[in-house]
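These notes are about the structure you will find just below.
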Amino acid sequence: MTGNTRALLSVASVITCLICLSACNSNDSDNTTSVDIDKSISAQVGPRPLFLIDQMQDSELKNQLAQCASNSFYRTDFSIGHRGASMQFPEHTKEAYQAAIDSGAGIVECDVTFTADKELVCRHSQCDLATTTNILAIPELANKCSVPFSPADAANGVSATATCCTSDISLAEFKTLKGKMDGFNPNATTVEEFMDGTPNWRTDLYAGNGTLMTHAESIALFKAAGVKMTPELKSASVSMPYDGLTQQDYAQKMLDEYALAGVDASQVFPQSFNLDDVKYWIANAPEFAEQAVYLDDRYDLSGFDPQNSTTWSPSMDTLAADGVKIIAPPLWMLVTLDANKAIVPSEYAKAASAAGLKIIAWSLERSGPLSEGGGGWYYQSIADAIDNEGDTFELLDVLAKDVGVMGVFSDWPATVTYYANCMDM
């Protein structure tokens, strides 16, 4: 074959692939992700993606991403708002959710727990109110906390503590609270010092008046915005059954609120770390179970190794046989380093794909400055390759192209939105 003939065939191949883009994306020879990008809804990605690109080491990927700087950007289901846009806004507040929607997240998360009167609300943990709200600054509510504020005692090496739960207060009382950036000062001797604990790589610029949300209110907000929803049924910190509410009642109540709001199951990705919750949905709510997500916490098993399938229980094949369709592990379980310290898919990622499980990864941009080296817990399997902010995109590229994840949770969804649009996924 001559050079000219080869060139003509190459051009023809490109044209064919552009015409049949969905078929090219489903080619069995690779794991390239194909996701929805809604070009009727624009997204505002801001300066952060360009900042990350500027920090990247010179590479073909950097050049490709840089060429999209002047593009228009749109909403994409590949971008999932982790607790909203919690890098800069108080998590699980109306403001955080709106920021995620504005920055192009096609799916947004409400972590679901319940109050003393068994009403569902959005909080990452049933007992995180002391660090994510102003409850300690309201004496009549602070007095109801499971563990009231106790100041630090530096002389005896004792840290400041407080534990306040949604189950300590009613829904009406919950609605009087304001959200703040998650954090606390362990050296605090006063309530004011305790509440002043935002990590220095986040910001309090948008944290003055965070609007807390009930689960039903989050559904209404997301429905009005036209985004999909991924509620996580949080483990209860109180003993179950709680005042007659069983775990199964709790799992069903969460789904019932979507039905009451007229939200089709195709718009919902219910999640749980509790595999029994997922199995309950499979058995009792098959329409929601089609997109139910098992948040994989098998890393808590003694001896767990994402490179060794004998350390995982249950196996990937067992999960698939039980009806699980989507699995969601932390970032580090999906990747490892090869001999050249390049980021590559882990054996865990390969096994999940081989079992027919779809994959969602969590959570990008939750680790603080990567330039400090290693990336912390979320990057532990590839720490030796992490040393600059641009490595965010390096990892994201492997997750999308080599692992083939269907979506990525991020504390700053604009970064994932930028990538998905730029790659024309």
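Residues are named by chain letter and number: chains run A, B, ... in the order of the structure tokens, numbers start at 1 in each chain, and ligands are numbered from 1 in the order shown.
When DSSP reads the backbone of this structure, the residues of segment 37-128 of chain A it assigns to strand (DSSP E) are Ile37, Asp38, Lys39, Ser40, Ile41, Ser42, Ala43, Phe73, Tyr74, Arg75, Thr76, Asp77, Phe78, Ser79, Ile80, Gly81, Ala105, Gly106, Ile107, Val108, Glu109, Cys110, Asp111, Val112, Thr113, Phe114, Leu120, Val121 and Cys122 of chain A.
With only C-alpha atoms taken into account, the protein and nucleic acid residues at most 8 Å from Phe409 of chain A (excluding it and anything under 4 positions from it in its own chain) are Ser79, Ile80, Gly81, His82, Ile360, Ala361, Trp362, Ser363, Leu364 and Pro413 of chain A.
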Store the residues picked out above, limited to C-alpha atoms, as a compact mmCIF listing (two decimals), in the first residue's frame.
```txt
# COMPACT_ATOMS: atom_id res chain seq x y z
CA SER A 79 -19.81 15.13 35.72
CA ILE A 80 -21.37 14.30 39.10
CA GLY A 81 -21.62 16.93 41.83
CA HIS A 82 -20.21 15.40 45.03
CA ILE A 360 -18.54 5.31 38.85
CA ALA A 361 -15.47 6.79 40.61
CA TRP A 362 -15.29 9.00 43.71
CA SER A 363 -14.16 11.68 44.51
CA LEU A 364 -12.00 13.98 42.42
CA PRO A 413 -17.68 19.46 38.84
```
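The nearest approach to Pro139 of chain A among the residues A:Leu319, A:Val191, A:Val268, A:Cys127, with only C-alpha atoms taken into account, belongs to A:Val191.
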* Asked: Between A:Thr33, A:Gly374, A:Leu221, A:Phe114, which is the closest to Leu399 of chain A once you count only C-alpha atoms?
  ->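 Nearest to Leu399 of chain A: A:Thr33.
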With a distance cut-off of 12 Å and only C-alpha atoms, select the neighbouring residues of Ser309 of chain A, excluding the residue or stretch itself and same-chain residues fewer than 5 positions from it, and output the selection as a CSV table (one decimal) with N, CA, C and O atoms, in the first residue's frame.
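To be explicit, this is the file written out as selection29.csv:
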```csv
chain,number,residue,atom,x,y,z
A,298,ARG,N,-15.4,-2.5,50.3
A,298,ARG,CA,-14.6,-3.7,50.6
A,298,ARG,C,-13.2,-3.4,50.9
A,298,ARG,O,-12.5,-4.3,51.4
A,299,TYR,N,-12.8,-2.2,50.7
A,299,TYR,CA,-11.4,-1.8,51.1
A,299,TYR,C,-11.2,-1.9,52.6
A,299,TYR,O,-10.1,-1.9,53.2
A,303,GLY,N,-6.7,-7.1,54.8
A,303,GLY,CA,-5.9,-7.6,53.7
A,303,GLY,C,-6.4,-7.3,52.3
A,303,GLY,O,-5.8,-7.8,51.3
A,304,PHE,N,-7.3,-6.4,52.2
A,304,PHE,CA,-7.8,-6.0,50.9
A,304,PHE,C,-6.7,-5.5,50.0
A,304,PHE,O,-5.9,-4.6,50.4
A,314,PRO,N,-17.9,-10.0,48.5
A,314,PRO,CA,-18.1,-11.0,47.5
A,314,PRO,C,-17.3,-10.6,46.2
A,314,PRO,O,-16.8,-9.5,46.1
A,315,SER,N,-17.2,-11.6,45.3
A,315,SER,CA,-16.5,-11.4,44.1
A,315,SER,C,-17.3,-10.5,43.1
A,315,SER,O,-18.5,-10.3,43.3
A,316,MET,N,-16.6,-10.0,42.1
A,316,MET,CA,-17.3,-9.2,41.1
A,316,MET,C,-18.4,-10.0,40.4
A,316,MET,O,-19.5,-9.5,40.2
A,317,ASP,N,-18.1,-11.3,40.1
A,317,ASP,CA,-19.1,-12.1,39.4
A,317,ASP,C,-20.3,-12.4,40.3
A,317,ASP,O,-21.5,-12.4,39.9
A,333,MET,N,-8.8,2.7,44.1
A,333,MET,CA,-9.0,1.2,43.8
A,333,MET,C,-9.0,0.9,42.3
A,333,MET,O,-8.9,-0.2,41.9
A,346,SER,N,-6.3,-0.8,37.4
A,346,SER,CA,-6.0,-1.8,38.4
A,346,SER,C,-6.6,-3.2,38.0
A,346,SER,O,-7.5,-3.2,37.1
A,347,GLU,N,-6.2,-4.2,38.6
A,347,GLU,CA,-6.9,-5.5,38.4
A,347,GLU,C,-8.4,-5.4,38.9
A,347,GLU,O,-9.2,-6.1,38.3
A,348,TYR,N,-8.6,-4.7,39.9
A,348,TYR,CA,-10.0,-4.4,40.4
A,348,TYR,C,-10.8,-3.9,39.2
A,348,TYR,O,-11.9,-4.4,38.9
A,349,ALA,N,-10.3,-2.8,38.5
A,349,ALA,CA,-11.1,-2.2,37.4
A,349,ALA,C,-11.3,-3.2,36.3
A,349,ALA,O,-12.4,-3.2,35.7
A,350,LYS,N,-10.3,-4.0,36.0
A,350,LYS,CA,-10.4,-5.0,34.9
A,350,LYS,C,-11.5,-6.0,35.3
A,350,LYS,O,-12.3,-6.4,34.4
A,351,ALA,N,-11.5,-6.5,36.5
A,351,ALA,CA,-12.4,-7.5,36.9
A,351,ALA,C,-13.8,-7.0,36.9
A,351,ALA,O,-14.8,-7.7,36.6
A,352,ALA,N,-14.0,-5.8,37.4
A,352,ALA,CA,-15.4,-5.2,37.4
A,352,ALA,C,-15.9,-5.1,35.9
A,352,ALA,O,-17.1,-5.5,35.7
```
* Give me the residues within 10 Å of Trp412 of chain A as number ranges by chain, counting only C-alpha atoms and dropping any in the same chain fewer than 4 places off. => A: 45, 48-49, 79-89, 96, 99-100, 103, 105, 363-366, 416-417
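If you measure from each of A:Val405, A:Ala116, A:Met254, A:Met195 to Ile327 of chain A using only C-alpha atoms, the closest one turns out to be A:Val405.
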* List every residue of segment 166-195 of chain A that DSSP, applied to the backbone of this structure, places in alpha helix (DSSP H), and write the result as a ChimeraX atom specification. => /A:171-174,191-195
* Counting only C-alpha atoms, which of A:Tyr419, A:Phe174, A:Tyr242, A:Tyr294 gets nearest to Leu357 of chain A? ->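 Under the stated criterion, the closest residue is A:Tyr294.
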Set out as a tab-separated table a contact list for segment 24-69 of chain A and segment 222-235 of chain A with a cut-off of 12 Å, giving each residue of segment 24-69 of chain A that qualifies its closest atom pair and distance in Å to one decimal, counting only C-alpha atoms, ordered by chain and rising residue number.
```
residue	atom	partner	partner_atom	distance
A:Asp36	CA	A:Lys228	CA	11.7
A:Ile37	CA	A:Val227	CA	11.8
A:Asp38	CA	A:Val227	CA	10.5
A:Ser40	CA	A:Gly226	CA	11.3
A:Ile41	CA	A:Gly226	CA	9.6
```
Go ahead and save the residues from that selection, with N, CA and C atoms, as a CSV table (one decimal), in the first residue's frame.
```csv
chain,number,residue,atom,x,y,z
A,36,ASP,N,-23.6,11.3,27.9
A,36,ASP,CA,-24.5,12.3,27.3
A,36,ASP,C,-23.9,13.7,27.6
A,37,ILE,N,-23.9,14.5,26.6
A,37,ILE,CA,-23.6,16.0,26.7
A,37,ILE,C,-24.7,16.7,26.1
A,38,ASP,N,-25.4,17.5,27.0
A,38,ASP,CA,-26.6,18.2,26.5
A,38,ASP,C,-26.2,19.6,26.0
A,40,SER,N,-28.0,21.8,24.7
A,40,SER,CA,-29.0,22.8,24.9
A,40,SER,C,-28.8,23.5,26.2
A,41,ILE,N,-27.9,23.0,27.1
A,41,ILE,CA,-27.8,23.6,28.4
A,41,ILE,C,-26.3,24.0,28.6
```
Name the residues in contact with Leu255 of chain A at a cut-off of 12 Å, using only C-alpha atoms, excluding same-chain residues fewer than 2 positions from it; report them as a PDB file with N, CA, C and O atoms, in the first residue's frame.
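Written file, part-v8.pdb:
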```pdb
ATOM      1  N   VAL A 112     -28.644  11.106  52.121  1.00  0.00           N
ATOM      2  CA  VAL A 112     -29.932  11.118  52.802  1.00  0.00           C
ATOM      3  C   VAL A 112     -29.828  10.515  54.201  1.00  0.00           C
ATOM      4  O   VAL A 112     -29.341   9.388  54.372  1.00  0.00           O
ATOM      5  N   LEU A 120     -36.709  12.974  56.000  1.00  0.00           N
ATOM      6  CA  LEU A 120     -35.459  12.805  55.268  1.00  0.00           C
ATOM      7  C   LEU A 120     -34.848  14.164  54.911  1.00  0.00           C
ATOM      8  O   LEU A 120     -35.536  15.054  54.408  1.00  0.00           O
ATOM      9  N   HIS A 215     -34.622  16.266  51.754  1.00  0.00           N
ATOM     10  CA  HIS A 215     -34.492  15.427  50.560  1.00  0.00           C
ATOM     11  C   HIS A 215     -35.515  15.840  49.509  1.00  0.00           C
ATOM     12  O   HIS A 215     -35.188  15.970  48.317  1.00  0.00           O
ATOM     13  N   ALA A 216     -36.763  16.074  49.944  1.00  0.00           N
ATOM     14  CA  ALA A 216     -37.812  16.464  48.993  1.00  0.00           C
ATOM     15  C   ALA A 216     -37.488  17.789  48.320  1.00  0.00           C
ATOM     16  O   ALA A 216     -37.748  17.967  47.117  1.00  0.00           O
ATOM     17  N   ILE A 219     -34.967  17.222  45.592  1.00  0.00           N
ATOM     18  CA  ILE A 219     -35.616  16.636  44.413  1.00  0.00           C
ATOM     19  C   ILE A 219     -36.274  17.730  43.582  1.00  0.00           C
ATOM     20  O   ILE A 219     -36.135  17.767  42.353  1.00  0.00           O
ATOM     21  N   MET A 229     -30.372  12.650  39.488  1.00  0.00           N
ATOM     22  CA  MET A 229     -30.204  12.683  40.941  1.00  0.00           C
ATOM     23  C   MET A 229     -29.566  11.391  41.433  1.00  0.00           C
ATOM     24  O   MET A 229     -29.909  10.311  40.958  1.00  0.00           O
ATOM     25  N   THR A 230     -28.656  11.510  42.397  1.00  0.00           N
ATOM     26  CA  THR A 230     -28.036  10.327  42.971  1.00  0.00           C
ATOM     27  C   THR A 230     -28.060  10.414  44.491  1.00  0.00           C
ATOM     28  O   THR A 230     -27.100  10.855  45.131  1.00  0.00           O
ATOM     29  N   PRO A 231     -29.175  10.002  45.094  1.00  0.00           N
ATOM     30  CA  PRO A 231     -29.287  10.027  46.550  1.00  0.00           C
ATOM     31  C   PRO A 231     -28.521   8.866  47.162  1.00  0.00           C
ATOM     32  O   PRO A 231     -28.577   7.739  46.657  1.00  0.00           O
ATOM     33  N   GLU A 232     -27.803   9.138  48.246  1.00  0.00           N
ATOM     34  CA  GLU A 232     -27.124   8.062  48.971  1.00  0.00           C
ATOM     35  C   GLU A 232     -27.826   7.820  50.295  1.00  0.00           C
ATOM     36  O   GLU A 232     -27.945   8.731  51.118  1.00  0.00           O
ATOM     37  N   LEU A 233     -28.301   6.607  50.514  1.00  0.00           N
ATOM     38  CA  LEU A 233     -28.914   6.239  51.780  1.00  0.00           C
ATOM     39  C   LEU A 233     -27.804   6.043  52.810  1.00  0.00           C
ATOM     40  O   LEU A 233     -27.059   5.066  52.757  1.00  0.00           O
ATOM     41  N   GLN A 248     -35.457  -1.317  56.055  1.00  0.00           N
ATOM     42  CA  GLN A 248     -36.187  -1.484  54.801  1.00  0.00           C
ATOM     43  C   GLN A 248     -37.172  -0.330  54.583  1.00  0.00           C
ATOM     44  O   GLN A 248     -37.324   0.169  53.458  1.00  0.00           O
ATOM     45  N   ASP A 249     -37.819   0.103  55.668  1.00  0.00           N
ATOM     46  CA  ASP A 249     -38.713   1.271  55.563  1.00  0.00           C
ATOM     47  C   ASP A 249     -37.937   2.504  55.106  1.00  0.00           C
ATOM     48  O   ASP A 249     -38.417   3.291  54.276  1.00  0.00           O
ATOM     49  N   TYR A 250     -36.774   2.667  55.680  1.00  0.00           N
ATOM     50  CA  TYR A 250     -35.897   3.801  55.371  1.00  0.00           C
ATOM     51  C   TYR A 250     -35.490   3.773  53.895  1.00  0.00           C
ATOM     52  O   TYR A 250     -35.582   4.781  53.176  1.00  0.00           O
ATOM     53  N   ALA A 251     -35.068   2.592  53.420  1.00  0.00           N
ATOM     54  CA  ALA A 251     -34.658   2.440  52.019  1.00  0.00           C
ATOM     55  C   ALA A 251     -35.819   2.711  51.073  1.00  0.00           C
ATOM     56  O   ALA A 251     -35.640   3.306  49.993  1.00  0.00           O
ATOM     57  N   GLN A 252     -37.024   2.279  51.465  1.00  0.00           N
ATOM     58  CA  GLN A 252     -38.198   2.484  50.620  1.00  0.00           C
ATOM     59  C   GLN A 252     -38.657   3.935  50.662  1.00  0.00           C
ATOM     60  O   GLN A 252     -39.052   4.505  49.639  1.00  0.00           O
ATOM     61  N   LYS A 253     -38.606   4.544  51.848  1.00  0.00           N
ATOM     62  CA  LYS A 253     -39.056   5.935  52.010  1.00  0.00           C
ATOM     63  C   LYS A 253     -38.280   6.870  51.091  1.00  0.00           C
ATOM     64  O   LYS A 253     -38.851   7.802  50.507  1.00  0.00           O
ATOM     65  N   GLU A 257     -40.131   9.178  47.879  1.00  0.00           N
ATOM     66  CA  GLU A 257     -40.161  10.635  47.703  1.00  0.00           C
ATOM     67  C   GLU A 257     -39.933  11.032  46.246  1.00  0.00           C
ATOM     68  O   GLU A 257     -40.382  12.095  45.818  1.00  0.00           O
ATOM     69  N   TYR A 258     -39.257  10.182  45.478  1.00  0.00           N
ATOM     70  CA  TYR A 258     -39.130  10.444  44.033  1.00  0.00           C
ATOM     71  C   TYR A 258     -40.446  10.171  43.332  1.00  0.00           C
ATOM     72  O   TYR A 258     -40.875  10.936  42.453  1.00  0.00           O
ATOM     73  N   ALA A 259     -41.096   9.084  43.712  1.00  0.00           N
ATOM     74  CA  ALA A 259     -42.386   8.765  43.116  1.00  0.00           C
ATOM     75  C   ALA A 259     -43.404   9.863  43.425  1.00  0.00           C
ATOM     76  O   ALA A 259     -44.167  10.281  42.541  1.00  0.00           O
ATOM     77  N   LEU A 260     -43.412  10.347  44.664  1.00  0.00           N
ATOM     78  CA  LEU A 260     -44.345  11.412  45.047  1.00  0.00           C
ATOM     79  C   LEU A 260     -44.099  12.695  44.261  1.00  0.00           C
ATOM     80  O   LEU A 260     -45.027  13.462  43.989  1.00  0.00           O
ATOM     81  N   ALA A 261     -42.828  12.921  43.886  1.00  0.00           N
ATOM     82  CA  ALA A 261     -42.473  14.133  43.137  1.00  0.00           C
ATOM     83  C   ALA A 261     -42.639  13.943  41.630  1.00  0.00           C
ATOM     84  O   ALA A 261     -42.379  14.870  40.857  1.00  0.00           O
ATOM     85  N   GLY A 262     -43.053  12.755  41.220  1.00  0.00           N
ATOM     86  CA  GLY A 262     -43.252  12.505  39.796  1.00  0.00           C
ATOM     87  C   GLY A 262     -41.960  12.382  39.014  1.00  0.00           C
ATOM     88  O   GLY A 262     -41.925  12.681  37.815  1.00  0.00           O
ATOM     89  N   VAL A 263     -40.900  11.930  39.681  1.00  0.00           N
ATOM     90  CA  VAL A 263     -39.603  11.755  39.029  1.00  0.00           C
ATOM     91  C   VAL A 263     -39.474  10.322  38.540  1.00  0.00           C
ATOM     92  O   VAL A 263     -39.619   9.378  39.326  1.00  0.00           O
ATOM     93  N   ASP A 264     -39.201  10.154  37.265  1.00  0.00           N
ATOM     94  CA  ASP A 264     -39.046   8.823  36.692  1.00  0.00           C
ATOM     95  C   ASP A 264     -37.782   8.159  37.214  1.00  0.00           C
ATOM     96  O   ASP A 264     -36.760   8.825  37.429  1.00  0.00           O
ATOM     97  N   ALA A 265     -37.833   6.852  37.410  1.00  0.00           N
ATOM     98  CA  ALA A 265     -36.685   6.111  37.937  1.00  0.00           C
ATOM     99  C   ALA A 265     -35.453   6.254  37.056  1.00  0.00           C
ATOM    100  O   ALA A 265     -34.322   6.147  37.549  1.00  0.00           O
ATOM    101  N   GLN A 267     -34.207   8.812  36.026  1.00  0.00           N
ATOM    102  CA  GLN A 267     -33.492  10.026  36.411  1.00  0.00           C
ATOM    103  C   GLN A 267     -32.776   9.890  37.747  1.00  0.00           C
ATOM    104  O   GLN A 267     -32.173  10.845  38.231  1.00  0.00           O
ATOM    105  N   VAL A 268     -32.823   8.693  38.344  1.00  0.00           N
ATOM    106  CA  VAL A 268     -32.336   8.505  39.710  1.00  0.00           C
ATOM    107  C   VAL A 268     -31.307   7.374  39.763  1.00  0.00           C
ATOM    108  O   VAL A 268     -31.516   6.308  39.195  1.00  0.00           O
ATOM    109  N   PHE A 269     -30.205   7.643  40.473  1.00  0.00           N
ATOM    110  CA  PHE A 269     -29.174   6.645  40.721  1.00  0.00           C
ATOM    111  C   PHE A 269     -29.044   6.448  42.234  1.00  0.00           C
ATOM    112  O   PHE A 269     -28.152   7.008  42.872  1.00  0.00           O
ATOM    113  N   PRO A 270     -29.928   5.650  42.864  1.00  0.00           N
ATOM    114  CA  PRO A 270     -29.847   5.471  44.316  1.00  0.00           C
ATOM    115  C   PRO A 270     -28.571   4.721  44.701  1.00  0.00           C
ATOM    116  O   PRO A 270     -28.170   3.773  44.024  1.00  0.00           O
ATOM    117  N   GLN A 271     -27.934   5.167  45.796  1.00  0.00           N
ATOM    118  CA  GLN A 271     -26.653   4.591  46.205  1.00  0.00           C
ATOM    119  C   GLN A 271     -26.706   4.129  47.658  1.00  0.00           C
ATOM    120  O   GLN A 271     -27.442   4.683  48.466  1.00  0.00           O
ATOM    121  N   ASP A 277     -29.044  -2.867  51.260  1.00  0.00           N
ATOM    122  CA  ASP A 277     -29.952  -1.838  50.731  1.00  0.00           C
ATOM    123  C   ASP A 277     -30.125  -2.009  49.227  1.00  0.00           C
ATOM    124  O   ASP A 277     -31.244  -1.943  48.699  1.00  0.00           O
ATOM    125  N   VAL A 278     -29.016  -2.206  48.534  1.00  0.00           N
ATOM    126  CA  VAL A 278     -29.070  -2.386  47.081  1.00  0.00           C
ATOM    127  C   VAL A 278     -29.876  -3.635  46.740  1.00  0.00           C
ATOM    128  O   VAL A 278     -30.711  -3.633  45.815  1.00  0.00           O
ATOM    129  N   TYR A 280     -32.212  -4.904  48.525  1.00  0.00           N
ATOM    130  CA  TYR A 280     -33.623  -4.597  48.797  1.00  0.00           C
ATOM    131  C   TYR A 280     -34.252  -3.910  47.586  1.00  0.00           C
ATOM    132  O   TYR A 280     -35.365  -4.245  47.172  1.00  0.00           O
ATOM    133  N   TRP A 281     -33.541  -2.939  47.018  1.00  0.00           N
ATOM    134  CA  TRP A 281     -34.070  -2.241  45.837  1.00  0.00           C
ATOM    135  C   TRP A 281     -34.207  -3.197  44.657  1.00  0.00           C
ATOM    136  O   TRP A 281     -35.181  -3.121  43.902  1.00  0.00           O
ATOM    137  N   ASN A 284     -37.373  -5.216  45.439  1.00  0.00           N
ATOM    138  CA  ASN A 284     -38.637  -4.525  45.691  1.00  0.00           C
ATOM    139  C   ASN A 284     -38.894  -3.293  44.837  1.00  0.00           C
ATOM    140  O   ASN A 284     -40.034  -2.799  44.815  1.00  0.00           O
ATOM    141  N   ALA A 285     -37.875  -2.786  44.171  1.00  0.00           N
ATOM    142  CA  ALA A 285     -38.039  -1.601  43.319  1.00  0.00           C
ATOM    143  C   ALA A 285     -37.190  -1.771  42.064  1.00  0.00           C
ATOM    144  O   ALA A 285     -36.240  -1.026  41.839  1.00  0.00           O
ATOM    145  N   PRO A 286     -37.526  -2.767  41.238  1.00  0.00           N
ATOM    146  CA  PRO A 286     -36.670  -3.095  40.087  1.00  0.00           C
ATOM    147  C   PRO A 286     -36.442  -1.946  39.127  1.00  0.00           C
ATOM    148  O   PRO A 286     -35.391  -1.855  38.497  1.00  0.00           O
ATOM    149  N   GLU A 287     -37.401  -1.020  39.027  1.00  0.00           N
ATOM    150  CA  GLU A 287     -37.218   0.109  38.111  1.00  0.00           C
ATOM    151  C   GLU A 287     -36.107   1.032  38.610  1.00  0.00           C
ATOM    152  O   GLU A 287     -35.347   1.582  37.809  1.00  0.00           O
ATOM    153  N   PHE A 288     -35.989   1.207  39.918  1.00  0.00           N
ATOM    154  CA  PHE A 288     -34.893   1.997  40.480  1.00  0.00           C
ATOM    155  C   PHE A 288     -33.602   1.182  40.535  1.00  0.00           C
ATOM    156  O   PHE A 288     -32.503   1.733  40.431  1.00  0.00           O
ATOM    157  N   ALA A 289     -33.722  -0.127  40.698  1.00  0.00           N
ATOM    158  CA  ALA A 289     -32.537  -0.988  40.803  1.00  0.00           C
ATOM    159  C   ALA A 289     -31.719  -1.020  39.518  1.00  0.00           C
ATOM    160  O   ALA A 289     -30.525  -1.328  39.549  1.00  0.00           O
ATOM    161  N   ALA A 292     -29.231   1.417  40.419  1.00  0.00           N
ATOM    162  CA  ALA A 292     -28.773   1.432  41.799  1.00  0.00           C
ATOM    163  C   ALA A 292     -27.260   1.246  41.836  1.00  0.00           C
ATOM    164  O   ALA A 292     -26.687   0.471  41.062  1.00  0.00           O
TER     165      ALA A 292
END
```
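Across A:Ser381, A:Asn209, A:Asn200, A:Gln67, the tightest approach to Thr336 of chain A is made by A:Ser381 when counting only C-alpha atoms.
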* Asked: So which residues touch Ala385 of chain A within 9 Å, counting only C-alpha atoms, skipping near sequence neighbours fewer than 2 positions away, as a ChimeraX atom specification?
  -> /A:337,341-343,373-374,382-383,387,391
File of the preceding selection, N, CA, C and O atoms, as a PDB file, in the first residue's frame:
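The result, stored in selection33.pdb:
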```pdb
ATOM      1  N   LEU A 337       0.179   1.890  39.225  1.00  0.00           N
ATOM      2  CA  LEU A 337       1.290   2.365  38.401  1.00  0.00           C
ATOM      3  C   LEU A 337       1.989   1.190  37.741  1.00  0.00           C
ATOM      4  O   LEU A 337       2.184   0.134  38.355  1.00  0.00           O
ATOM      5  N   LYS A 341       5.958   4.039  36.073  1.00  0.00           N
ATOM      6  CA  LYS A 341       5.188   4.960  36.908  1.00  0.00           C
ATOM      7  C   LYS A 341       4.103   5.694  36.122  1.00  0.00           C
ATOM      8  O   LYS A 341       3.727   6.823  36.458  1.00  0.00           O
ATOM      9  N   ALA A 342       3.596   5.031  35.104  1.00  0.00           N
ATOM     10  CA  ALA A 342       2.440   5.556  34.377  1.00  0.00           C
ATOM     11  C   ALA A 342       1.173   5.018  35.031  1.00  0.00           C
ATOM     12  O   ALA A 342       1.141   3.868  35.490  1.00  0.00           O
ATOM     13  N   ILE A 343       0.127   5.838  35.079  1.00  0.00           N
ATOM     14  CA  ILE A 343      -1.138   5.427  35.685  1.00  0.00           C
ATOM     15  C   ILE A 343      -1.862   4.486  34.724  1.00  0.00           C
ATOM     16  O   ILE A 343      -2.071   4.808  33.552  1.00  0.00           O
ATOM     17  N   GLY A 373       2.434  16.671  47.095  1.00  0.00           N
ATOM     18  CA  GLY A 373       2.936  15.319  46.879  1.00  0.00           C
ATOM     19  C   GLY A 373       2.040  14.232  47.436  1.00  0.00           C
ATOM     20  O   GLY A 373       1.552  14.323  48.545  1.00  0.00           O
ATOM     21  N   GLY A 374       1.793  13.218  46.607  1.00  0.00           N
ATOM     22  CA  GLY A 374       1.101  12.029  47.062  1.00  0.00           C
ATOM     23  C   GLY A 374      -0.395  12.025  46.900  1.00  0.00           C
ATOM     24  O   GLY A 374      -0.979  11.008  46.549  1.00  0.00           O
ATOM     25  N   ILE A 382      -1.366   5.464  43.631  1.00  0.00           N
ATOM     26  CA  ILE A 382      -0.534   6.075  42.589  1.00  0.00           C
ATOM     27  C   ILE A 382       0.257   7.247  43.161  1.00  0.00           C
ATOM     28  O   ILE A 382       0.683   8.138  42.427  1.00  0.00           O
ATOM     29  N   ALA A 383       0.481   7.242  44.467  1.00  0.00           N
ATOM     30  CA  ALA A 383       1.104   8.392  45.141  1.00  0.00           C
ATOM     31  C   ALA A 383       2.453   8.766  44.549  1.00  0.00           C
ATOM     32  O   ALA A 383       2.802   9.955  44.489  1.00  0.00           O
ATOM     33  N   ASP A 387       2.404  14.813  41.883  1.00  0.00           N
ATOM     34  CA  ASP A 387       3.229  15.902  42.431  1.00  0.00           C
ATOM     35  C   ASP A 387       2.844  17.278  41.931  1.00  0.00           C
ATOM     36  O   ASP A 387       3.504  18.261  42.235  1.00  0.00           O
ATOM     37  N   ASP A 391      -2.092  16.790  37.718  1.00  0.00           N
ATOM     38  CA  ASP A 391      -2.290  15.345  37.774  1.00  0.00           C
ATOM     39  C   ASP A 391      -3.757  14.982  37.934  1.00  0.00           C
ATOM     40  O   ASP A 391      -4.151  13.840  37.707  1.00  0.00           O
TER      41      ASP A 391
END
```
* Do a neighbour search on Ala400 of chain A at 10 Å with only C-alpha atoms, toss out local chain neighbours closer than 4 positions, and write the hits as number ranges by chain. => A: 31-34, 78, 395-396, 404-408, 419-420, 423, 425
* Asked: Suppose you want the space between atom CA of Leu129 of chain A and atom CA of Phe273 of chain A; what is it in Å?
  ->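 About the pair atom CA of Leu129 of chain A and atom CA of Phe273 of chain A: they are 20.9 Å apart.
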* A:Ala43, A:Gly208, A:Ala320, A:Thr311: which is nearest Asn71 of chain A, counting only C-alpha atoms? -> A:Ala43
